[in-house]
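K.L.:
My structure file structure-v2.pdb, PDB, C-alpha atoms, pLDDT in the B column, is below:
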ATOM      1  CA  MET V   1       0.000   0.000   0.000  1.00 62.00           C
ATOM      2  CA  SER V   2       1.312   3.359  -0.937  1.00 60.00           C
ATOM      3  CA  SER V   3       0.009   6.883  -1.006  1.00 65.00           C
ATOM      4  CA  ARG V   4       0.788  10.357  -2.236  1.00 70.00           C
ATOM      5  CA  LYS V   5      -0.915  13.721  -1.679  1.00 70.00           C
ATOM      6  CA  ALA V   6      -3.265  15.366  -4.160  1.00 63.00           C
ATOM      7  CA  GLU V   7      -3.707  19.080  -4.728  1.00 68.00           C
ATOM      8  CA  SER V   8      -6.171  20.723  -2.383  1.00 69.00           C
ATOM      9  CA  GLY V   9      -9.118  22.655  -3.732  1.00 73.00           C
ATOM     10  CA  ASN V  10     -12.596  22.055  -5.020  1.00 79.00           C
ATOM     11  CA  VAL V  11     -14.048  19.889  -7.736  1.00 82.00           C
ATOM     12  CA  GLY V  12     -17.374  21.339  -8.735  1.00 78.00           C
ATOM     13  CA  ASN V  13     -19.045  22.408  -5.498  1.00 84.00           C
ATOM     14  CA  LEU V  14     -17.262  19.851  -3.301  1.00 87.00           C
ATOM     15  CA  PRO V  15     -13.873  19.971  -1.603  1.00 90.00           C
ATOM     16  CA  ARG V  16     -11.600  17.440  -3.331  1.00 89.00           C
ATOM     17  CA  GLY V  17     -11.020  15.348  -0.177  1.00 89.00           C
ATOM     18  CA  LEU V  18     -14.716  15.121   0.644  1.00 91.00           C
ATOM     19  CA  ALA V  19     -15.582  14.130  -2.925  1.00 91.00           C
ATOM     20  CA  GLY V  20     -12.897  11.426  -2.830  1.00 92.00           C
ATOM     21  CA  ALA V  21     -14.333  10.045   0.402  1.00 93.00           C
ATOM     22  CA  LEU V  22     -17.881  10.138  -0.996  1.00 92.00           C
ATOM     23  CA  ALA V  23     -16.724   7.920  -3.852  1.00 93.00           C
ATOM     24  CA  TYR V  24     -16.377   5.058  -1.349  1.00 95.00           C
ATOM     25  CA  PHE V  25     -19.994   5.211  -0.140  1.00 92.00           C
ATOM     26  CA  THR V  26     -21.305   2.363  -2.319  1.00 88.00           C
ATOM     27  CA  PHE V  27     -20.652   2.143  -6.024  1.00 91.00           C
ATOM     28  CA  ILE V  28     -23.312   4.742  -6.910  1.00 94.00           C
ATOM     29  CA  PRO V  29     -21.335   7.936  -6.123  1.00 93.00           C
ATOM     30  CA  ALA V  30     -18.255   6.396  -7.739  1.00 94.00           C
ATOM     31  CA  ALA V  31     -20.181   5.724 -10.947  1.00 94.00           C
ATOM     32  CA  ILE V  32     -21.714   9.211 -10.876  1.00 92.00           C
ATOM     33  CA  PHE V  33     -18.288  10.819 -10.460  1.00 92.00           C
ATOM     34  CA  LEU V  34     -17.053   8.899 -13.508  1.00 93.00           C
ATOM     35  CA  LEU V  35     -20.007  10.021 -15.638  1.00 93.00           C
ATOM     36  CA  VAL V  36     -20.783  13.631 -14.626  1.00 91.00           C
ATOM     37  CA  GLU V  37     -18.820  16.777 -15.461  1.00 89.00           C
ATOM     38  CA  PRO V  38     -16.698  18.331 -13.893  1.00 88.00           C
ATOM     39  CA  TYR V  39     -15.990  15.353 -11.629  1.00 88.00           C
ATOM     40  CA  ARG V  40     -15.081  12.963 -14.424  1.00 89.00           C
ATOM     41  CA  ARG V  41     -12.113  15.140 -15.472  1.00 90.00           C
ATOM     42  CA  ASP V  42     -10.496  15.233 -12.033  1.00 91.00           C
ATOM     43  CA  PRO V  43      -7.717  12.597 -11.772  1.00 90.00           C
ATOM     44  CA  TYR V  44      -8.072  12.350  -7.977  1.00 92.00           C
ATOM     45  CA  LEU V  45     -11.778  11.549  -8.163  1.00 93.00           C
ATOM     46  CA  ARG V  46     -11.288   9.207 -11.116  1.00 94.00           C
ATOM     47  CA  PHE V  47      -8.695   7.233  -9.134  1.00 95.00           C
ATOM     48  CA  HIS V  48     -10.851   6.896  -6.019  1.00 95.00           C
ATOM     49  CA  SER V  49     -13.953   6.094  -8.054  1.00 95.00           C
ATOM     50  CA  PHE V  50     -12.194   3.335  -9.972  1.00 96.00           C
ATOM     51  CA  GLN V  51     -10.624   1.951  -6.801  1.00 95.00           C
ATOM     52  CA  CYS V  52     -14.071   1.877  -5.159  1.00 96.00           C
ATOM     53  CA  LEU V  53     -15.610   0.029  -8.106  1.00 96.00           C
ATOM     54  CA  LEU V  54     -12.747  -2.475  -8.139  1.00 96.00           C
ATOM     55  CA  LEU V  55     -13.109  -3.005  -4.384  1.00 95.00           C
ATOM     56  CA  CYS V  56     -16.835  -3.667  -4.873  1.00 94.00           C
ATOM     57  CA  LEU V  57     -16.023  -6.269  -7.531  1.00 95.00           C
ATOM     58  CA  ALA V  58     -13.401  -7.881  -5.272  1.00 93.00           C
ATOM     59  CA  SER V  59     -15.943  -7.974  -2.439  1.00 91.00           C
ATOM     60  CA  LEU V  60     -18.446  -9.727  -4.683  1.00 93.00           C
ATOM     61  CA  ALA V  61     -15.811 -12.273  -5.679  1.00 92.00           C
ATOM     62  CA  ALA V  62     -14.989 -12.860  -2.006  1.00 88.00           C
ATOM     63  CA  GLU V  63     -18.677 -13.383  -1.273  1.00 89.00           C
ATOM     64  CA  VAL V  64     -18.989 -15.990  -4.027  1.00 92.00           C
ATOM     65  CA  ALA V  65     -15.888 -17.787  -2.740  1.00 90.00           C
ATOM     66  CA  TRP V  66     -17.271 -17.665   0.792  1.00 87.00           C
ATOM     67  CA  LYS V  67     -20.587 -19.193  -0.323  1.00 89.00           C
ATOM     68  CA  VAL V  68     -18.721 -22.050  -2.014  1.00 91.00           C
ATOM     69  CA  LEU V  69     -16.698 -22.522   1.174  1.00 86.00           C
ATOM     70  CA  ILE V  70     -19.925 -22.690   3.204  1.00 87.00           C
ATOM     71  CA  LEU V  71     -21.151 -25.500   0.973  1.00 88.00           C
ATOM     72  CA  VAL V  72     -17.920 -27.409   1.524  1.00 88.00           C
ATOM     73  CA  LEU V  73     -17.847 -26.746   5.280  1.00 85.00           C
ATOM     74  CA  SER V  74     -21.489 -27.713   5.726  1.00 84.00           C
ATOM     75  CA  ILE V  75     -20.430 -31.323   5.222  1.00 87.00           C
ATOM     76  CA  VAL V  76     -18.840 -31.232   8.686  1.00 83.00           C
ATOM     77  CA  PRO V  77     -21.655 -31.201  11.268  1.00 84.00           C
ATOM     78  CA  LEU V  78     -21.735 -28.274  13.738  1.00 82.00           C
ATOM     79  CA  LEU V  79     -18.023 -27.436  13.507  1.00 87.00           C
ATOM     80  CA  GLY V  80     -18.315 -26.611   9.811  1.00 85.00           C
ATOM     81  CA  HIS V  81     -21.045 -24.041  10.395  1.00 84.00           C
ATOM     82  CA  LEU V  82     -19.143 -22.465  13.294  1.00 88.00           C
ATOM     83  CA  LEU V  83     -15.989 -22.209  11.187  1.00 88.00           C
ATOM     84  CA  ALA V  84     -17.967 -20.662   8.319  1.00 85.00           C
ATOM     85  CA  LEU V  85     -19.427 -18.081  10.718  1.00 87.00           C
ATOM     86  CA  LEU V  86     -15.961 -17.236  12.072  1.00 90.00           C
ATOM     87  CA  ILE V  87     -14.594 -16.796   8.559  1.00 87.00           C
ATOM     88  CA  ALA V  88     -17.543 -14.556   7.645  1.00 88.00           C
ATOM     89  CA  ILE V  89     -16.942 -12.353  10.683  1.00 92.00           C
ATOM     90  CA  VAL V  90     -13.251 -11.983   9.835  1.00 92.00           C
ATOM     91  CA  ILE V  91     -14.006 -11.124   6.188  1.00 88.00           C
ATOM     92  CA  VAL V  92     -16.609  -8.506   7.120  1.00 91.00           C
ATOM     93  CA  MET V  93     -14.337  -6.933   9.737  1.00 94.00           C
ATOM     94  CA  ALA V  94     -11.465  -6.777   7.238  1.00 93.00           C
ATOM     95  CA  LEU V  95     -13.653  -5.158   4.580  1.00 91.00           C
ATOM     96  CA  VAL V  96     -14.990  -2.573   7.036  1.00 94.00           C
ATOM     97  CA  LEU V  97     -11.449  -1.753   8.173  1.00 96.00           C
ATOM     98  CA  VAL V  98     -10.220  -1.348   4.586  1.00 95.00           C
ATOM     99  CA  TRP V  99     -13.246   0.821   3.773  1.00 94.00           C
ATOM    100  CA  LEU V 100     -12.598   3.065   6.803  1.00 96.00           C
ATOM    101  CA  VAL V 101      -8.928   3.476   5.886  1.00 96.00           C
ATOM    102  CA  LEU V 102      -9.852   4.396   2.301  1.00 96.00           C
ATOM    103  CA  VAL V 103     -12.427   6.963   3.427  1.00 96.00           C
ATOM    104  CA  VAL V 104     -10.026   8.591   5.912  1.00 96.00           C
ATOM    105  CA  LYS V 105      -7.143   8.671   3.434  1.00 95.00           C
ATOM    106  CA  ALA V 106      -9.403  10.163   0.758  1.00 94.00           C
ATOM    107  CA  LEU V 107     -10.588  12.836   3.221  1.00 93.00           C
ATOM    108  CA  GLN V 108      -6.931  13.655   3.879  1.00 93.00           C
ATOM    109  CA  GLY V 109      -6.391  14.174   0.149  1.00 90.00           C
ATOM    110  CA  GLU V 110      -4.182  11.141  -0.416  1.00 91.00           C
ATOM    111  CA  TYR V 111      -3.964   8.753  -3.337  1.00 89.00           C
ATOM    112  CA  PHE V 112      -3.941   5.676  -1.095  1.00 92.00           C
ATOM    113  CA  ARG V 113      -3.413   2.613  -3.279  1.00 92.00           C
ATOM    114  CA  LEU V 114      -4.528  -0.857  -2.284  1.00 93.00           C
ATOM    115  CA  PRO V 115      -2.286  -3.670  -3.508  1.00 93.00           C
ATOM    116  CA  LEU V 116      -3.309  -4.833  -7.001  1.00 92.00           C
ATOM    117  CA  LEU V 117      -6.545  -2.825  -7.036  1.00 93.00           C
ATOM    118  CA  GLY V 118      -4.767   0.509  -6.628  1.00 91.00           C
ATOM    119  CA  ASP V 119      -2.390  -0.183  -9.495  1.00 92.00           C
ATOM    120  CA  LEU V 120      -5.283  -1.084 -11.776  1.00 93.00           C
ATOM    121  CA  ALA V 121      -7.275   1.950 -10.600  1.00 93.00           C
ATOM    122  CA  GLU V 122      -4.294   4.198 -11.429  1.00 92.00           C
ATOM    123  CA  LYS V 123      -4.105   2.762 -14.941  1.00 93.00           C
ATOM    124  CA  LEU V 124      -7.848   3.145 -15.503  1.00 92.00           C
ATOM    125  CA  ALA V 125      -7.847   6.700 -14.130  1.00 89.00           C
ATOM    126  CA  GLY V 126      -4.707   7.682 -16.033  1.00 85.00           C
ATOM    127  CA  THR V 127      -2.984   9.043 -12.920  1.00 76.00           C
ATOM    128  CA  ASN V 128       0.252   7.029 -13.033  1.00 69.00           C
TER     129      ASN V 128
END
Produce C-alpha cells that represent the structure in this file.
P.N.:
Amino acid sequence: MSSRKAESGNVGNLPRGLAGALAYFTFIPAAIFLLVEPYRRDPYLRFHSFQCLLLCLASLAAEVAWKVLILVLSIVPLLGHLLALLIAIVIVMALVLVWLVLVVKALQGEYFRLPLLGDLAEKLAGTN
C-alpha cells in the first residue's frame, strides 16, 4: 500500500477530499463521479472512483468464494457451520477496516493505493 498527496481545492461544489471520500460510499457515487462533469475530469476523483468500483467487484468475488466454502464446510456437522461463521466475521471486519482506511485517506487528500486494485485503478484513471 502506498500513497501520495493530491492538490487541495474544489471539484465542482465539493472539496476534493470530501468528494474522494464520498466515492467510497457504495458504487453509486463512484459511478456518478465517472459520468458527470466536472468530476469525471479530475484525476483524484477518477482514481478513487475506480478503486471503489474495483473493491466492490473484489468484495463480490470474495462473497462468491465464501458461499462455495460454506457449501464445503457444511459437510462437517456443527463445527463446519461455526468455522464458516468465524470466517464470515473476519471477512466482514477486514472489509470494514479497509473501507474506513480508504475513506479517511481520501478525506486527507491522499492517493492511497490498495495492492493490485490501486495499481489497476491508477491505470484506468490515467494518474500514473
K.L.:
How many Å separate CA of Phe47 (chain V) from CA of Gly12 (chain V)?
P.N.:
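Computed distance, CA of Phe47 (chain V) to CA of Gly12 (chain V), equals 16.6 Å.
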K.L.:
Between V:Leu79, V:Met93, V:Ala106, V:Leu60, which residue has the minimum interatomic distance to Gly20 (chain V), considering all atoms listed in the file?
P.N.:
V:Ala106
K.L.:
Measuring between only C-alpha atoms, which one of V:Ala88, V:Pro77, V:Gly17, V:Ala94 shows the shortest distance to Glu63 (chain V)?
P.N.:
V:Ala88
K.L.:
What does the PyMOL selection byres ((chain V and resi 107) around 9) select in this file, as a PyMOL selection string?
P.N.:
chain V and resi 16-22+102-106+108-110
K.L.:
Rounded to one decimal, what separation in Å do you get between CA of Ala84 (chain V) and CA of Val96 (chain V)?
P.N.:
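Computed distance, CA of Ala84 (chain V) to CA of Val96 (chain V), equals 18.4 Å.
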K.L.:
What's the 10 Å shell around Gly118 (chain V), counting only C-alpha atoms, without same-chain residues fewer than 5 positions away, as a PyMOL selection string?
P.N.:
chain V and resi 1-3+47-48+50-52+54-55+111-113+123-124
K.L.:
What does the structure give for the distance between CA of Tyr39 (chain V) and CA of Gly9 (chain V), in Å to one decimal?
P.N.:
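Separating CA of Tyr39 (chain V) from CA of Gly9 (chain V) is a distance of 12.8 Å.
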K.L.:
Calculated over all atoms listed in the file, which of the candidates V:Ser49, V:Trp99, V:Val36, V:Leu69 has the smallest distance to Leu85 (chain V)?
P.N.:
V:Leu69
K.L.:
Of the candidates V:Pro43, V:Asp119, V:Val68, V:Leu100, which shows the shortest atom-to-atom distance to Phe25 (chain V), using all atoms listed in the file?
P.N.:
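Of the candidates, the smallest distance to Phe25 (chain V) is held by V:Leu100.
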K.L.:
Any chance you could build region 61-74 of chain V out to N, CA and C atoms and write it as a PDB file, in the coordinates of the input?
P.N.:
ATOM      1  N   ALA V  61     -16.549 -11.028  -5.442  1.00 92.00           N
ATOM      2  CA  ALA V  61     -15.811 -12.273  -5.679  1.00 92.00           C
ATOM      3  C   ALA V  61     -15.543 -12.999  -4.366  1.00 92.00           C
ATOM      4  N   ALA V  62     -15.207 -12.247  -3.314  1.00 88.00           N
ATOM      5  CA  ALA V  62     -14.989 -12.860  -2.006  1.00 88.00           C
ATOM      6  C   ALA V  62     -16.277 -13.477  -1.473  1.00 88.00           C
ATOM      7  N   GLU V  63     -17.400 -12.838  -1.732  1.00 89.00           N
ATOM      8  CA  GLU V  63     -18.677 -13.383  -1.273  1.00 89.00           C
ATOM      9  C   GLU V  63     -18.998 -14.693  -1.985  1.00 89.00           C
ATOM     10  N   VAL V  64     -18.743 -14.750  -3.277  1.00 92.00           N
ATOM     11  CA  VAL V  64     -18.989 -15.990  -4.027  1.00 92.00           C
ATOM     12  C   VAL V  64     -18.091 -17.105  -3.505  1.00 92.00           C
ATOM     13  N   ALA V  65     -16.816 -16.782  -3.273  1.00 90.00           N
ATOM     14  CA  ALA V  65     -15.888 -17.787  -2.740  1.00 90.00           C
ATOM     15  C   ALA V  65     -16.330 -18.249  -1.353  1.00 90.00           C
ATOM     16  N   TRP V  66     -16.818 -17.317  -0.543  1.00 87.00           N
ATOM     17  CA  TRP V  66     -17.271 -17.665   0.792  1.00 87.00           C
ATOM     18  C   TRP V  66     -18.484 -18.597   0.729  1.00 87.00           C
ATOM     19  N   LYS V  67     -19.401 -18.330  -0.199  1.00 89.00           N
ATOM     20  CA  LYS V  67     -20.587 -19.193  -0.323  1.00 89.00           C
ATOM     21  C   LYS V  67     -20.194 -20.608  -0.745  1.00 89.00           C
ATOM     22  N   VAL V  68     -19.216 -20.727  -1.626  1.00 91.00           N
ATOM     23  CA  VAL V  68     -18.721 -22.050  -2.014  1.00 91.00           C
ATOM     24  C   VAL V  68     -18.081 -22.728  -0.806  1.00 91.00           C
ATOM     25  N   LEU V  69     -17.331 -21.972  -0.026  1.00 86.00           N
ATOM     26  CA  LEU V  69     -16.698 -22.522   1.174  1.00 86.00           C
ATOM     27  C   LEU V  69     -17.743 -22.988   2.185  1.00 86.00           C
ATOM     28  N   ILE V  70     -18.847 -22.270   2.297  1.00 87.00           N
ATOM     29  CA  ILE V  70     -19.925 -22.690   3.204  1.00 87.00           C
ATOM     30  C   ILE V  70     -20.473 -24.043   2.765  1.00 87.00           C
ATOM     31  N   LEU V  71     -20.660 -24.210   1.467  1.00 88.00           N
ATOM     32  CA  LEU V  71     -21.151 -25.500   0.973  1.00 88.00           C
ATOM     33  C   LEU V  71     -20.199 -26.632   1.340  1.00 88.00           C
ATOM     34  N   VAL V  72     -18.914 -26.385   1.195  1.00 88.00           N
ATOM     35  CA  VAL V  72     -17.920 -27.409   1.524  1.00 88.00           C
ATOM     36  C   VAL V  72     -17.894 -27.661   3.031  1.00 88.00           C
ATOM     37  N   LEU V  73     -17.921 -26.588   3.824  1.00 85.00           N
ATOM     38  CA  LEU V  73     -17.847 -26.746   5.280  1.00 85.00           C
ATOM     39  C   LEU V  73     -19.127 -27.317   5.878  1.00 85.00           C
ATOM     40  N   SER V  74     -20.241 -27.192   5.181  1.00 84.00           N
ATOM     41  CA  SER V  74     -21.489 -27.713   5.726  1.00 84.00           C
ATOM     42  C   SER V  74     -21.507 -29.241   5.782  1.00 84.00           C
TER      43      SER V  74
END
